[in-house]
Amino acid sequence: MTPEGSEEAHRGFLADLHEADLGVVLTYTQARLYAPGDFAVRQGETDRSFFIISRGSFEVRVPTDNGPRPARVLEPGDLFGEVGFFDGLPRSADVVALEDGEALVLTQAAFQRLRLTHPRLALRFVLELGRVLGERFRASDALAGDARR
């Protein structure tokens with residue numbers, strides 16, 4: 001097991017991919033630029049795009065009865081939109097740029113093209129998404145366990 005603050009505990013999305021393979025995956029993405037305060041994702045939207053932060057920081061804001069509450073800050077190498085990418089349901093939170101930033105966007109259609117032309121890379125992509133989701137679920141479970149104590 002690796003300590004939470006260590007380099008290995010938080011490695012960027014697709015960090016283990018060979019440079020040539022990463023280049024192929026990136027050809028299927030589109031770069032979007034954001035200014036401070038810009039919404040990258042709005043709660044309730046049904047867009048199935050997936051985002052990988054390449055520059056800047058973004059804040060995830062979850063809805064509460066008293067308005068949106070900051071949940072966490074995302075940095076380069078982090079991702080968001082992965083749940084909607086899989087299930088197609090409306091977004092559950094807002095994601096807002098805290099500073100000038102950039103995110104690489106992979107649409108569902110672009111992923112399907114990647115899957116058909118580079119199935120091995122598409123599989124690696126999905127397995128990497130599973131790793132990230134697993135880390136988030138474990139962290140969530142740990143927080144829930146701490147709250148019960």
# chains A, B, ... in the order shown; residues from 1 in each chain; ligands from 1
>>> residues_around(residues="Gly88 in chain A", least_positions_apart="5", cutoff="10 Å", atoms="only C-alpha atoms", output="JSON, numbers by chain")
{"A": [45, 46, 47, 48, 49, 82, 83, 108]}
>>> residues_around(residues="Val60 in chain A", least_positions_apart="4", cutoff="8 Å", atoms="only C-alpha atoms", output="PyMOL selection string")
chain A and resi 70-74+93-96
>>> atom_distance(atom1="CA of Leu22 in chain A", atom2="CA of Arg55 in chain A")
16.8 Å
>>> residues_around(residues="Gly37 in chain A", least_positions_apart="6", cutoff="8 Å", atoms="only C-alpha atoms", output="mmCIF file with C-alpha atoms, in the first residue's frame")
data_model
loop_
_atom_site.group_PDB
_atom_site.id
_atom_site.type_symbol
_atom_site.label_atom_id
_atom_site.label_comp_id
_atom_site.auth_asym_id
_atom_site.auth_seq_id
_atom_site.Cartn_x
_atom_site.Cartn_y
_atom_site.Cartn_z
ATOM 1 C CA VAL A 96 -15.325 25.491 -12.698
ATOM 2 C CA ALA A 97 -11.907 26.836 -13.730
ATOM 3 C CA LEU A 98 -10.073 28.519 -10.848
ATOM 4 C CA GLU A 99 -7.445 30.026 -13.159
#
>>> select_by_dssp(residues="range 95-136 of chain A", states="helix (DSSP H, G or I)", output="list in words")
Gln108, Ala109, Ala110, Phe111, Gln112, Arg113, Leu114, Arg115, Leu116, Thr117, Pro119, Arg120, Leu121, Ala122, Leu123, Arg124, Phe125, Val126, Leu127, Glu128, Leu129, Gly130, Arg131, Val132, Leu133, Gly134, Glu135 and Arg136 of chain A
>>> residues_around(residues="Asp38 in chain A", least_positions_apart="2", cutoff="12 Å", atoms="only C-alpha atoms", output="list in words")
Arg32, Leu33, Tyr34, Ala35, Pro36, Ala40, Val41, Arg42, Ser57, Phe58, Glu59, Asp94, Val95, Val96, Ala97, Leu98, Glu99, Asp100, Gly101 and Glu102 of chain A
>>> write_last_selection(atoms="N, CA, C and O atoms", output="JSON list (two decimals), in the first residue's frame")
[["chain", "number", "residue", "atom", "x", "y", "z"],
["A", 32, "ARG", "N", -9.64, 22.41, -24.96],
["A", 32, "ARG", "CA", -10.54, 23.53, -24.66],
["A", 32, "ARG", "C", -9.87, 24.41, -23.62],
["A", 32, "ARG", "O", -9.34, 23.91, -22.62],
["A", 33, "LEU", "N", -9.93, 25.71, -23.87],
["A", 33, "LEU", "CA", -9.33, 26.68, -22.96],
["A", 33, "LEU", "C", -10.40, 27.28, -22.06],
["A", 33, "LEU", "O", -11.54, 27.50, -22.51],
["A", 34, "TYR", "N", -10.02, 27.58, -20.82],
["A", 34, "TYR", "CA", -10.95, 28.13, -19.84],
["A", 34, "TYR", "C", -10.30, 29.30, -19.12],
["A", 34, "TYR", "O", -9.11, 29.26, -18.80],
["A", 35, "ALA", "N", -11.10, 30.33, -18.87],
["A", 35, "ALA", "CA", -10.68, 31.46, -18.06],
["A", 35, "ALA", "C", -11.22, 31.25, -16.65],
["A", 35, "ALA", "O", -12.15, 30.45, -16.44],
["A", 36, "PRO", "N", -10.66, 31.94, -15.65],
["A", 36, "PRO", "CA", -11.17, 31.78, -14.28],
["A", 36, "PRO", "C", -12.68, 32.03, -14.24],
["A", 36, "PRO", "O", -13.18, 33.00, -14.82],
["A", 40, "ALA", "N", -16.63, 24.29, -17.00],
["A", 40, "ALA", "CA", -16.27, 23.23, -17.94],
["A", 40, "ALA", "C", -17.43, 22.25, -18.05],
["A", 40, "ALA", "O", -17.71, 21.70, -19.12],
["A", 41, "VAL", "N", -18.10, 22.03, -16.93],
["A", 41, "VAL", "CA", -19.25, 21.13, -16.84],
["A", 41, "VAL", "C", -20.27, 21.78, -15.92],
["A", 41, "VAL", "O", -19.91, 22.36, -14.89],
["A", 42, "ARG", "N", -21.54, 21.66, -16.28],
["A", 42, "ARG", "CA", -22.62, 22.16, -15.42],
["A", 42, "ARG", "C", -23.48, 20.99, -14.95],
["A", 42, "ARG", "O", -23.82, 20.12, -15.73],
["A", 57, "SER", "N", -6.11, 24.77, -12.76],
["A", 57, "SER", "CA", -6.84, 24.02, -11.73],
["A", 57, "SER", "C", -8.33, 24.31, -11.86],
["A", 57, "SER", "O", -8.74, 25.38, -12.30],
["A", 58, "PHE", "N", -9.10, 23.32, -11.47],
["A", 58, "PHE", "CA", -10.55, 23.37, -11.58],
["A", 58, "PHE", "C", -11.16, 22.92, -10.25],
["A", 58, "PHE", "O", -10.60, 22.05, -9.58],
["A", 59, "GLU", "N", -12.31, 23.48, -9.90],
["A", 59, "GLU", "CA", -12.98, 23.11, -8.66],
["A", 59, "GLU", "C", -14.27, 22.36, -8.97],
["A", 59, "GLU", "O", -15.06, 22.81, -9.81],
["A", 94, "ASP", "N", -20.98, 20.73, -10.78],
["A", 94, "ASP", "CA", -20.34, 21.72, -11.64],
["A", 94, "ASP", "C", -18.84, 21.55, -11.54],
["A", 94, "ASP", "O", -18.33, 21.16, -10.49],
["A", 95, "VAL", "N", -18.13, 21.86, -12.61],
["A", 95, "VAL", "CA", -16.67, 21.93, -12.59],
["A", 95, "VAL", "C", -16.31, 23.29, -13.17],
["A", 95, "VAL", "O", -16.69, 23.60, -14.30],
["A", 96, "VAL", "N", -15.60, 24.10, -12.36],
["A", 96, "VAL", "CA", -15.32, 25.49, -12.70],
["A", 96, "VAL", "C", -13.82, 25.75, -12.68],
["A", 96, "VAL", "O", -13.12, 25.31, -11.75],
["A", 97, "ALA", "N", -13.33, 26.48, -13.68],
["A", 97, "ALA", "CA", -11.91, 26.84, -13.73],
["A", 97, "ALA", "C", -11.59, 27.85, -12.62],
["A", 97, "ALA", "O", -12.32, 28.83, -12.45],
["A", 98, "LEU", "N", -10.53, 27.60, -11.89],
["A", 98, "LEU", "CA", -10.07, 28.52, -10.85],
["A", 98, "LEU", "C", -9.06, 29.52, -11.39],
["A", 98, "LEU", "O", -8.80, 30.56, -10.77],
["A", 99, "GLU", "N", -8.46, 29.19, -12.51],
["A", 99, "GLU", "CA", -7.45, 30.03, -13.16],
["A", 99, "GLU", "C", -7.47, 29.69, -14.64],
["A", 99, "GLU", "O", -8.22, 28.82, -15.07],
["A", 100, "ASP", "N", -6.66, 30.40, -15.43],
["A", 100, "ASP", "CA", -6.57, 30.03, -16.84],
["A", 100, "ASP", "C", -6.18, 28.55, -16.92],
["A", 100, "ASP", "O", -5.27, 28.11, -16.22],
["A", 101, "GLY", "N", -6.90, 27.81, -17.73],
["A", 101, "GLY", "CA", -6.63, 26.38, -17.79],
["A", 101, "GLY", "C", -7.00, 25.79, -19.14],
["A", 101, "GLY", "O", -7.55, 26.46, -20.01],
["A", 102, "GLU", "N", -6.66, 24.53, -19.26],
["A", 102, "GLU", "CA", -6.94, 23.78, -20.48],
["A", 102, "GLU", "C", -7.31, 22.35, -20.10],
["A", 102, "GLU", "O", -6.72, 21.78, -19.18]]
>>> select_by_dssp(residues="chain A", states="strand (DSSP E or B)", output="PyMOL selection string")
chain A and resi 30-34+39-41+50-55+58-62+69-74+79-80+94-97+101-106
>>> residues_around(residues="range 121-125 of chain A", least_positions_apart="2", cutoff="10 Å", atoms="only C-alpha atoms", output="ChimeraX atom specification")
/A:13-14,16-17,21-22,24-25,111-119,127-131
>>> residues_around(residues="Gln30 in chain A", least_positions_apart="6", cutoff="10 Å", atoms="only C-alpha atoms", output="compact mmCIF listing (two decimals) with all heavy atoms, in the first residue's frame")
# COMPACT_ATOMS: atom_id res chain seq x y z
N PHE A 51 -12.99 14.62 -19.62
CA PHE A 51 -12.00 15.70 -19.61
C PHE A 51 -10.74 15.28 -18.85
O PHE A 51 -10.82 14.71 -17.77
CB PHE A 51 -12.58 16.93 -18.90
CG PHE A 51 -13.82 17.48 -19.53
CD1 PHE A 51 -15.05 16.84 -19.40
CD2 PHE A 51 -13.77 18.65 -20.27
CE1 PHE A 51 -16.20 17.35 -19.99
CE2 PHE A 51 -14.92 19.18 -20.86
CZ PHE A 51 -16.13 18.52 -20.72
N ALA A 103 -8.27 21.82 -20.81
CA ALA A 103 -8.62 20.41 -20.63
C ALA A 103 -8.71 19.76 -22.01
O ALA A 103 -9.15 20.39 -22.98
CB ALA A 103 -9.95 20.27 -19.90
N LEU A 104 -8.25 18.54 -22.08
CA LEU A 104 -8.36 17.75 -23.29
C LEU A 104 -9.67 16.97 -23.20
O LEU A 104 -9.92 16.28 -22.21
CB LEU A 104 -7.18 16.80 -23.42
CG LEU A 104 -5.82 17.48 -23.41
CD1 LEU A 104 -4.71 16.44 -23.42
CD2 LEU A 104 -5.68 18.43 -24.59
N VAL A 105 -10.50 17.12 -24.20
CA VAL A 105 -11.85 16.56 -24.18
C VAL A 105 -11.93 15.38 -25.14
O VAL A 105 -11.54 15.49 -26.30
CB VAL A 105 -12.89 17.63 -24.57
CG1 VAL A 105 -14.29 17.06 -24.48
CG2 VAL A 105 -12.73 18.87 -23.69
N LEU A 106 -12.44 14.28 -24.63
CA LEU A 106 -12.69 13.10 -25.46
C LEU A 106 -14.19 12.87 -25.48
O LEU A 106 -14.80 12.57 -24.45
CB LEU A 106 -11.97 11.87 -24.90
CG LEU A 106 -12.15 10.59 -25.72
CD1 LEU A 106 -11.37 10.69 -27.03
CD2 LEU A 106 -11.71 9.38 -24.93
N THR A 107 -14.79 13.04 -26.64
CA THR A 107 -16.23 12.80 -26.78
C THR A 107 -16.48 11.30 -26.90
O THR A 107 -15.57 10.52 -27.21
CB THR A 107 -16.79 13.51 -28.02
OG1 THR A 107 -16.19 12.93 -29.19
CG2 THR A 107 -16.53 15.01 -27.98
N ALA A 110 -15.59 10.23 -30.43
CA ALA A 110 -14.15 10.10 -30.63
C ALA A 110 -13.63 8.82 -29.98
O ALA A 110 -12.77 8.13 -30.54
CB ALA A 110 -13.41 11.32 -30.07
>>> closest_residue(among="A:Val126, A:Gly23, A:Ile52, A:Gly134", to="Glu75 in chain A", atoms="only C-alpha atoms")
A:Ile52
>>> decode(residues="range 88-99 of chain A", atoms="all heavy atoms", output="short mmCIF file (atom, residue, chain, number, x, y, z; two decimals), in the first residue's frame")
data_model
loop_
_atom_site.label_atom_id
_atom_site.label_comp_id
_atom_site.auth_asym_id
_atom_site.auth_seq_id
_atom_site.Cartn_x
_atom_site.Cartn_y
_atom_site.Cartn_z
N GLY A 88 -24.01 8.09 -19.20
CA GLY A 88 -24.85 8.96 -20.00
C GLY A 88 -25.90 9.72 -19.22
O GLY A 88 -26.73 10.42 -19.81
N LEU A 89 -25.88 9.62 -17.90
CA LEU A 89 -26.85 10.34 -17.07
C LEU A 89 -26.41 11.80 -16.89
O LEU A 89 -25.25 12.14 -17.14
CB LEU A 89 -26.98 9.66 -15.71
CG LEU A 89 -27.56 8.23 -15.76
CD1 LEU A 89 -27.54 7.60 -14.37
CD2 LEU A 89 -28.97 8.24 -16.33
N PRO A 90 -27.32 12.66 -16.45
CA PRO A 90 -26.95 14.07 -16.26
C PRO A 90 -25.78 14.24 -15.28
O PRO A 90 -25.62 13.45 -14.34
CB PRO A 90 -28.23 14.70 -15.69
CG PRO A 90 -29.33 13.82 -16.17
CD PRO A 90 -28.74 12.43 -16.19
N ARG A 91 -24.99 15.27 -15.52
CA ARG A 91 -23.85 15.58 -14.65
C ARG A 91 -24.33 15.83 -13.23
O ARG A 91 -25.36 16.45 -13.02
CB ARG A 91 -23.11 16.82 -15.15
CG ARG A 91 -22.62 16.74 -16.59
CD ARG A 91 -21.48 15.81 -16.74
NE ARG A 91 -20.88 15.94 -18.08
CZ ARG A 91 -19.92 15.18 -18.52
NH1 ARG A 91 -19.43 14.23 -17.78
NH2 ARG A 91 -19.43 15.36 -19.73
N SER A 92 -23.55 15.36 -12.27
CA SER A 92 -23.95 15.46 -10.86
C SER A 92 -23.34 16.66 -10.15
O SER A 92 -23.67 16.93 -9.00
CB SER A 92 -23.55 14.18 -10.12
OG SER A 92 -22.16 13.98 -10.21
N ALA A 93 -22.44 17.40 -10.81
CA ALA A 93 -21.77 18.53 -10.17
C ALA A 93 -21.33 19.53 -11.23
O ALA A 93 -21.32 19.22 -12.43
CB ALA A 93 -20.56 18.05 -9.38
N ASP A 94 -20.98 20.73 -10.78
CA ASP A 94 -20.34 21.72 -11.64
C ASP A 94 -18.84 21.55 -11.54
O ASP A 94 -18.33 21.16 -10.49
CB ASP A 94 -20.66 23.15 -11.17
CG ASP A 94 -22.13 23.53 -11.29
OD1 ASP A 94 -22.80 23.04 -12.22
OD2 ASP A 94 -22.59 24.33 -10.46
N VAL A 95 -18.13 21.86 -12.61
CA VAL A 95 -16.67 21.93 -12.59
C VAL A 95 -16.31 23.29 -13.17
O VAL A 95 -16.69 23.60 -14.30
CB VAL A 95 -16.01 20.79 -13.39
CG1 VAL A 95 -14.49 20.93 -13.35
CG2 VAL A 95 -16.44 19.44 -12.85
N VAL A 96 -15.60 24.10 -12.36
CA VAL A 96 -15.32 25.49 -12.70
C VAL A 96 -13.82 25.75 -12.68
O VAL A 96 -13.12 25.31 -11.75
CB VAL A 96 -16.03 26.43 -11.69
CG1 VAL A 96 -15.78 27.89 -12.03
CG2 VAL A 96 -17.53 26.14 -11.64
N ALA A 97 -13.33 26.48 -13.68
CA ALA A 97 -11.91 26.84 -13.73
C ALA A 97 -11.59 27.85 -12.62
O ALA A 97 -12.32 28.83 -12.45
CB ALA A 97 -11.56 27.42 -15.09
N LEU A 98 -10.53 27.60 -11.89
CA LEU A 98 -10.07 28.52 -10.85
C LEU A 98 -9.06 29.52 -11.39
O LEU A 98 -8.80 30.56 -10.77
CB LEU A 98 -9.46 27.75 -9.69
CG LEU A 98 -10.41 26.84 -8.92
CD1 LEU A 98 -9.66 26.05 -7.86
CD2 LEU A 98 -11.54 27.66 -8.29
N GLU A 99 -8.46 29.19 -12.51
CA GLU A 99 -7.45 30.03 -13.16
C GLU A 99 -7.47 29.69 -14.64
O GLU A 99 -8.22 28.82 -15.07
CB GLU A 99 -6.06 29.73 -12.56
CG GLU A 99 -5.65 28.26 -12.71
CD GLU A 99 -4.38 27.91 -11.95
OE1 GLU A 99 -3.55 28.80 -11.72
OE2 GLU A 99 -4.23 26.73 -11.59
#
